[in-house]
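Below: entry.cif (mmCIF, C-alpha atoms)
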```
data_work
#
loop_
_atom_site.label_atom_id
_atom_site.label_comp_id
_atom_site.auth_asym_id
_atom_site.auth_seq_id
_atom_site.Cartn_x
_atom_site.Cartn_y
_atom_site.Cartn_z
CA MET I 1 0.00 0.00 0.00
CA THR I 2 1.36 3.42 -0.97
CA PRO I 3 1.10 6.10 1.74
CA HIS I 4 -0.99 9.15 0.91
CA GLY I 5 1.07 11.48 3.08
CA VAL I 6 3.73 11.60 5.76
CA ALA I 7 4.08 14.05 8.66
CA ARG I 8 6.83 14.32 11.27
CA THR I 9 8.15 16.54 14.00
CA VAL I 10 11.67 16.61 15.39
CA SER I 11 12.22 18.50 18.62
CA ASP I 12 15.34 19.85 20.24
CA PRO I 13 16.57 18.04 23.37
CA ASP I 14 14.86 20.55 25.68
CA ASN I 15 11.56 20.38 23.76
CA ILE I 16 11.54 24.16 23.29
CA GLU I 17 11.11 23.95 19.54
CA ALA I 18 10.07 21.23 17.10
CA GLU I 19 10.36 21.40 13.34
CA PHE I 20 7.60 19.82 11.27
CA ALA I 21 7.61 18.33 7.81
CA ILE I 22 4.66 17.21 5.71
CA ILE I 23 4.61 15.42 2.38
CA VAL I 24 1.36 14.77 0.53
CA ARG I 25 1.11 12.66 -2.61
CA SER I 26 0.89 14.99 -5.61
CA ASP I 27 -2.45 13.71 -6.87
CA LEU I 28 -4.01 14.28 -3.43
CA LYS I 29 -2.92 17.89 -2.91
CA GLY I 30 -5.85 20.18 -2.20
CA ALA I 31 -8.00 17.39 -0.72
CA GLY I 32 -7.50 18.43 2.92
CA LEU I 33 -4.93 15.80 3.88
CA GLY I 34 -2.23 18.41 4.60
CA ARG I 35 -4.61 20.29 6.91
CA LEU I 36 -5.47 17.08 8.76
CA LEU I 37 -1.81 16.07 9.14
CA LEU I 38 -0.75 19.53 10.31
CA ALA I 39 -3.61 19.65 12.84
CA GLN I 40 -2.48 16.32 14.26
CA LEU I 41 1.14 17.49 14.44
CA ILE I 42 0.06 20.62 16.33
CA GLU I 43 -1.96 18.55 18.80
CA HIS I 44 0.90 16.07 19.23
CA ALA I 45 3.50 18.79 19.86
CA ARG I 46 1.19 20.60 22.26
CA SER I 47 0.49 17.38 24.20
CA ARG I 48 4.26 16.88 24.60
CA GLY I 49 4.66 20.39 26.03
CA THR I 50 6.63 21.71 23.06
CA GLY I 51 7.01 25.49 23.16
CA ARG I 52 7.10 26.29 19.42
CA LEU I 53 6.36 24.45 16.22
CA VAL I 54 8.29 25.63 13.15
CA GLY I 55 8.39 24.79 9.49
CA ILE I 56 10.76 25.68 6.67
CA VAL I 57 8.69 26.19 3.52
CA LEU I 58 9.86 26.97 0.02
CA ARG I 59 8.80 30.51 -0.87
CA GLU I 60 7.17 29.16 -4.04
CA ASN I 61 4.99 26.70 -2.06
CA GLU I 62 2.11 29.13 -1.73
CA ARG I 63 -0.39 26.39 -0.86
CA MET I 64 1.61 25.33 2.23
CA LEU I 65 2.23 28.92 3.30
CA LYS I 66 -1.48 29.69 3.02
CA LEU I 67 -2.36 26.58 5.05
CA ALA I 68 0.21 27.40 7.75
CA HIS I 69 -1.10 30.96 8.09
CA ALA I 70 -4.72 29.76 8.17
CA MET I 71 -3.84 27.41 11.02
CA GLY I 72 -2.16 30.10 13.10
CA PHE I 73 1.48 30.09 12.03
CA GLU I 74 3.26 33.40 11.58
CA ASP I 75 6.19 34.31 9.38
CA ASP I 76 9.56 34.52 11.09
CA HIS I 77 10.92 37.76 9.67
CA SER I 78 14.51 36.87 10.53
CA GLU I 79 14.65 34.94 7.26
CA PRO I 80 16.44 37.13 4.68
CA PRO I 81 14.10 38.48 1.96
CA SER I 82 16.41 37.03 -0.69
CA SER I 83 16.05 33.51 0.73
CA ASP I 84 14.10 30.95 -1.27
CA GLN I 85 12.69 29.65 2.02
CA ARG I 86 10.24 31.01 4.58
CA ARG I 87 10.23 29.97 8.22
CA VAL I 88 6.77 29.77 9.80
CA VAL I 89 6.35 29.62 13.58
CA MET I 90 3.52 28.79 15.96
CA SER I 91 3.91 29.44 19.66
CA LEU I 92 2.10 26.53 21.28
CA ALA I 93 2.21 28.08 24.73
CA GLN I 94 -0.03 30.95 23.55
CA THR I 95 -2.45 29.13 21.25
CA SER I 96 -5.81 27.91 22.39
CA LEU I 97 -6.30 24.27 23.21
CA ALA I 98 -8.09 23.52 19.95
CA THR I 99 -8.45 19.87 19.08
CA ALA I 100 -7.22 18.33 15.85
CA GLU I 101 -10.84 18.15 14.68
CA GLU I 102 -11.33 21.92 15.18
CA LEU I 103 -8.06 22.74 13.39
CA SER I 104 -8.69 20.38 10.49
CA ALA I 105 -12.22 21.72 9.98
CA GLY I 106 -10.85 25.27 9.50
#
```
Produce structure tokens that represent the structure in this file.
Amino acid sequence: MTPHGVARTVSDPDNIEAEFAIIVRSDLKGAGLGRLLLAQLIEHARSRGTGRLVGIVLRENERMLKLAHAMGFEDDHSEPPSSDQRRVVMSLAQTSLATAEELSAG
């Protein structure tokens, strides 16, 4: 069976920050799988007490940037404007305790 998508987080040893990564099969993009996976990653990181969730997104990946912003991530403006990447950050300590279902319904 071929997976439809993969999502992961990797946190630093002190669990202050975790970086996420999501891959969705090309023919399934736009079907809501990325939103569901990201919502579950947020809930997982929050349940572990992680302080921040971050992602490194290619500047050209407008769909992922739009999803991240819709789910509460903010741009980290320390990334140089000339960079081909954007860093998005969500402070989990300050976000509401929304469930994965609430986030994925967004």
If you count all atoms listed in the file, which residues fall within 9 Å of region 3-14 of chain I, apart from same-chain ones fewer than 3 positions away, as number ranges by chain? I: 17-26, 28, 33-34, 37-38, 40-41, 44-45, 50, 53
Just want the 9 Å neighbourhood of Ala68 (chain I), counted on only C-alpha atoms, with same-chain residues fewer than 6 positions away dropped. Output as a ChimeraX atom specification. /I:35,38,55,74,88-90
Atomic distance CA of Leu36 (chain I) - CA of Glu79 (chain I), expressed in Å with one decimal: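 These atoms are spaced 26.9 Å apart.
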Within 9 Å of Arg86 (chain I) using all atoms listed in the file, minus same-chain residues under 5 positions, as a list in words: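 Once the adjacent positions are removed, what remains is Gly55, Ile56, Val57, Leu58, Arg59, Leu65, Asp75, Asp76, His77, Glu79, Pro80 and Pro81 of chain I.
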Hey, can I get the axis-aligned box for region 66-81 of chain I? All listed atoms, 8 Å padding on each side, centre and edge lengths in Å to one decimal, as JSON.
```
{"center_x": 5.9, "center_y": 32.5, "center_z": 7.5, "size_x": 37.2, "size_y": 27.9, "size_z": 27.1}
```
What residues come out when you apply the PyMOL selection byres ((chain I and resi 49) around 10) to this file, written as an MDAnalysis selection string? chainID I and resid 15:17 43:48 50:52 92:93
How many Å lie between CA of His69 (chain I) and CA of Ser82 (chain I), rounded to one decimal?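 Computing the Euclidean distance for CA of His69 (chain I) and CA of Ser82 (chain I) yields 20.5 Å.
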In Å, rounded to a single decimal, give me how far CA of Arg63 (chain I) is from CA of Asp27 (chain I).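 Separating CA of Asp27 (chain I) from CA of Arg63 (chain I) is a distance of 14.2 Å.
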Missing atoms in region 9-36 of chain I need filling: write out N, CA and C atoms for it as a PDB file, in the frame of the given file.
```
ATOM      1  N   THR I   9       7.533  15.448  13.257  1.00  0.00           N
ATOM      2  CA  THR I   9       8.150  16.540  14.000  1.00  0.00           C
ATOM      3  C   THR I   9       9.446  16.020  14.600  1.00  0.00           C
ATOM      4  N   VAL I  10      10.408  16.909  14.715  1.00  0.00           N
ATOM      5  CA  VAL I  10      11.670  16.610  15.390  1.00  0.00           C
ATOM      6  C   VAL I  10      11.926  17.759  16.342  1.00  0.00           C
ATOM      7  N   SER I  11      12.034  17.436  17.628  1.00  0.00           N
ATOM      8  CA  SER I  11      12.220  18.500  18.620  1.00  0.00           C
ATOM      9  C   SER I  11      13.655  18.544  19.113  1.00  0.00           C
ATOM     10  N   ASP I  12      14.013  19.709  19.644  1.00  0.00           N
ATOM     11  CA  ASP I  12      15.340  19.850  20.240  1.00  0.00           C
ATOM     12  C   ASP I  12      15.335  19.085  21.575  1.00  0.00           C
ATOM     13  N   PRO I  13      16.502  18.834  22.144  1.00  0.00           N
ATOM     14  CA  PRO I  13      16.570  18.040  23.370  1.00  0.00           C
ATOM     15  C   PRO I  13      15.774  18.605  24.547  1.00  0.00           C
ATOM     16  N   ASP I  14      15.593  19.924  24.584  1.00  0.00           N
ATOM     17  CA  ASP I  14      14.860  20.550  25.680  1.00  0.00           C
ATOM     18  C   ASP I  14      13.374  20.731  25.366  1.00  0.00           C
ATOM     19  N   ASN I  15      12.955  20.304  24.192  1.00  0.00           N
ATOM     20  CA  ASN I  15      11.560  20.380  23.760  1.00  0.00           C
ATOM     21  C   ASN I  15      11.042  21.824  23.698  1.00  0.00           C
ATOM     22  N   ILE I  16      11.940  22.760  23.437  1.00  0.00           N
ATOM     23  CA  ILE I  16      11.540  24.160  23.290  1.00  0.00           C
ATOM     24  C   ILE I  16      10.946  24.389  21.908  1.00  0.00           C
ATOM     25  N   GLU I  17      11.545  23.744  20.919  1.00  0.00           N
ATOM     26  CA  GLU I  17      11.110  23.950  19.540  1.00  0.00           C
ATOM     27  C   GLU I  17      11.126  22.620  18.805  1.00  0.00           C
ATOM     28  N   ALA I  18      10.114  22.410  17.969  1.00  0.00           N
ATOM     29  CA  ALA I  18      10.070  21.230  17.100  1.00  0.00           C
ATOM     30  C   ALA I  18       9.841  21.697  15.673  1.00  0.00           C
ATOM     31  N   GLU I  19      10.545  21.090  14.751  1.00  0.00           N
ATOM     32  CA  GLU I  19      10.360  21.400  13.340  1.00  0.00           C
ATOM     33  C   GLU I  19       9.457  20.338  12.729  1.00  0.00           C
ATOM     34  N   PHE I  20       8.499  20.784  11.910  1.00  0.00           N
ATOM     35  CA  PHE I  20       7.600  19.820  11.270  1.00  0.00           C
ATOM     36  C   PHE I  20       7.912  19.699   9.794  1.00  0.00           C
ATOM     37  N   ALA I  21       7.513  18.567   9.245  1.00  0.00           N
ATOM     38  CA  ALA I  21       7.610  18.330   7.810  1.00  0.00           C
ATOM     39  C   ALA I  21       6.382  17.536   7.388  1.00  0.00           C
ATOM     40  N   ILE I  22       5.827  17.900   6.252  1.00  0.00           N
ATOM     41  CA  ILE I  22       4.660  17.210   5.710  1.00  0.00           C
ATOM     42  C   ILE I  22       4.889  16.973   4.230  1.00  0.00           C
ATOM     43  N   ILE I  23       4.574  15.763   3.798  1.00  0.00           N
ATOM     44  CA  ILE I  23       4.610  15.420   2.380  1.00  0.00           C
ATOM     45  C   ILE I  23       3.274  14.793   2.038  1.00  0.00           C
ATOM     46  N   VAL I  24       2.636  15.315   0.993  1.00  0.00           N
ATOM     47  CA  VAL I  24       1.360  14.770   0.530  1.00  0.00           C
ATOM     48  C   VAL I  24       1.542  14.342  -0.924  1.00  0.00           C
ATOM     49  N   ARG I  25       1.035  13.167  -1.239  1.00  0.00           N
ATOM     50  CA  ARG I  25       1.110  12.660  -2.610  1.00  0.00           C
ATOM     51  C   ARG I  25       0.552  13.690  -3.578  1.00  0.00           C
ATOM     52  N   SER I  26       1.234  13.915  -4.663  1.00  0.00           N
ATOM     53  CA  SER I  26       0.890  14.990  -5.610  1.00  0.00           C
ATOM     54  C   SER I  26      -0.556  14.959  -6.065  1.00  0.00           C
ATOM     55  N   ASP I  27      -1.079  13.782  -6.359  1.00  0.00           N
ATOM     56  CA  ASP I  27      -2.450  13.710  -6.870  1.00  0.00           C
ATOM     57  C   ASP I  27      -3.498  13.929  -5.781  1.00  0.00           C
ATOM     58  N   LEU I  28      -3.079  14.050  -4.524  1.00  0.00           N
ATOM     59  CA  LEU I  28      -4.010  14.280  -3.430  1.00  0.00           C
ATOM     60  C   LEU I  28      -3.916  15.694  -2.854  1.00  0.00           C
ATOM     61  N   LYS I  29      -3.053  16.517  -3.407  1.00  0.00           N
ATOM     62  CA  LYS I  29      -2.920  17.890  -2.910  1.00  0.00           C
ATOM     63  C   LYS I  29      -4.223  18.642  -3.132  1.00  0.00           C
ATOM     64  N   GLY I  30      -4.618  19.415  -2.127  1.00  0.00           N
ATOM     65  CA  GLY I  30      -5.850  20.180  -2.200  1.00  0.00           C
ATOM     66  C   GLY I  30      -7.065  19.432  -1.672  1.00  0.00           C
ATOM     67  N   ALA I  31      -6.876  18.204  -1.202  1.00  0.00           N
ATOM     68  CA  ALA I  31      -8.000  17.390  -0.720  1.00  0.00           C
ATOM     69  C   ALA I  31      -8.183  17.473   0.798  1.00  0.00           C
ATOM     70  N   GLY I  32      -7.346  18.265   1.474  1.00  0.00           N
ATOM     71  CA  GLY I  32      -7.500  18.430   2.920  1.00  0.00           C
ATOM     72  C   GLY I  32      -6.591  17.543   3.761  1.00  0.00           C
ATOM     73  N   LEU I  33      -5.803  16.694   3.123  1.00  0.00           N
ATOM     74  CA  LEU I  33      -4.930  15.800   3.880  1.00  0.00           C
ATOM     75  C   LEU I  33      -3.831  16.579   4.605  1.00  0.00           C
ATOM     76  N   GLY I  34      -3.263  17.590   3.961  1.00  0.00           N
ATOM     77  CA  GLY I  34      -2.230  18.410   4.600  1.00  0.00           C
ATOM     78  C   GLY I  34      -2.762  19.100   5.841  1.00  0.00           C
ATOM     79  N   ARG I  35      -3.979  19.624   5.769  1.00  0.00           N
ATOM     80  CA  ARG I  35      -4.610  20.290   6.910  1.00  0.00           C
ATOM     81  C   ARG I  35      -4.795  19.296   8.058  1.00  0.00           C
ATOM     82  N   LEU I  36      -5.262  18.105   7.739  1.00  0.00           N
ATOM     83  CA  LEU I  36      -5.470  17.080   8.760  1.00  0.00           C
ATOM     84  C   LEU I  36      -4.147  16.687   9.416  1.00  0.00           C
TER      85      LEU I  36
END
```
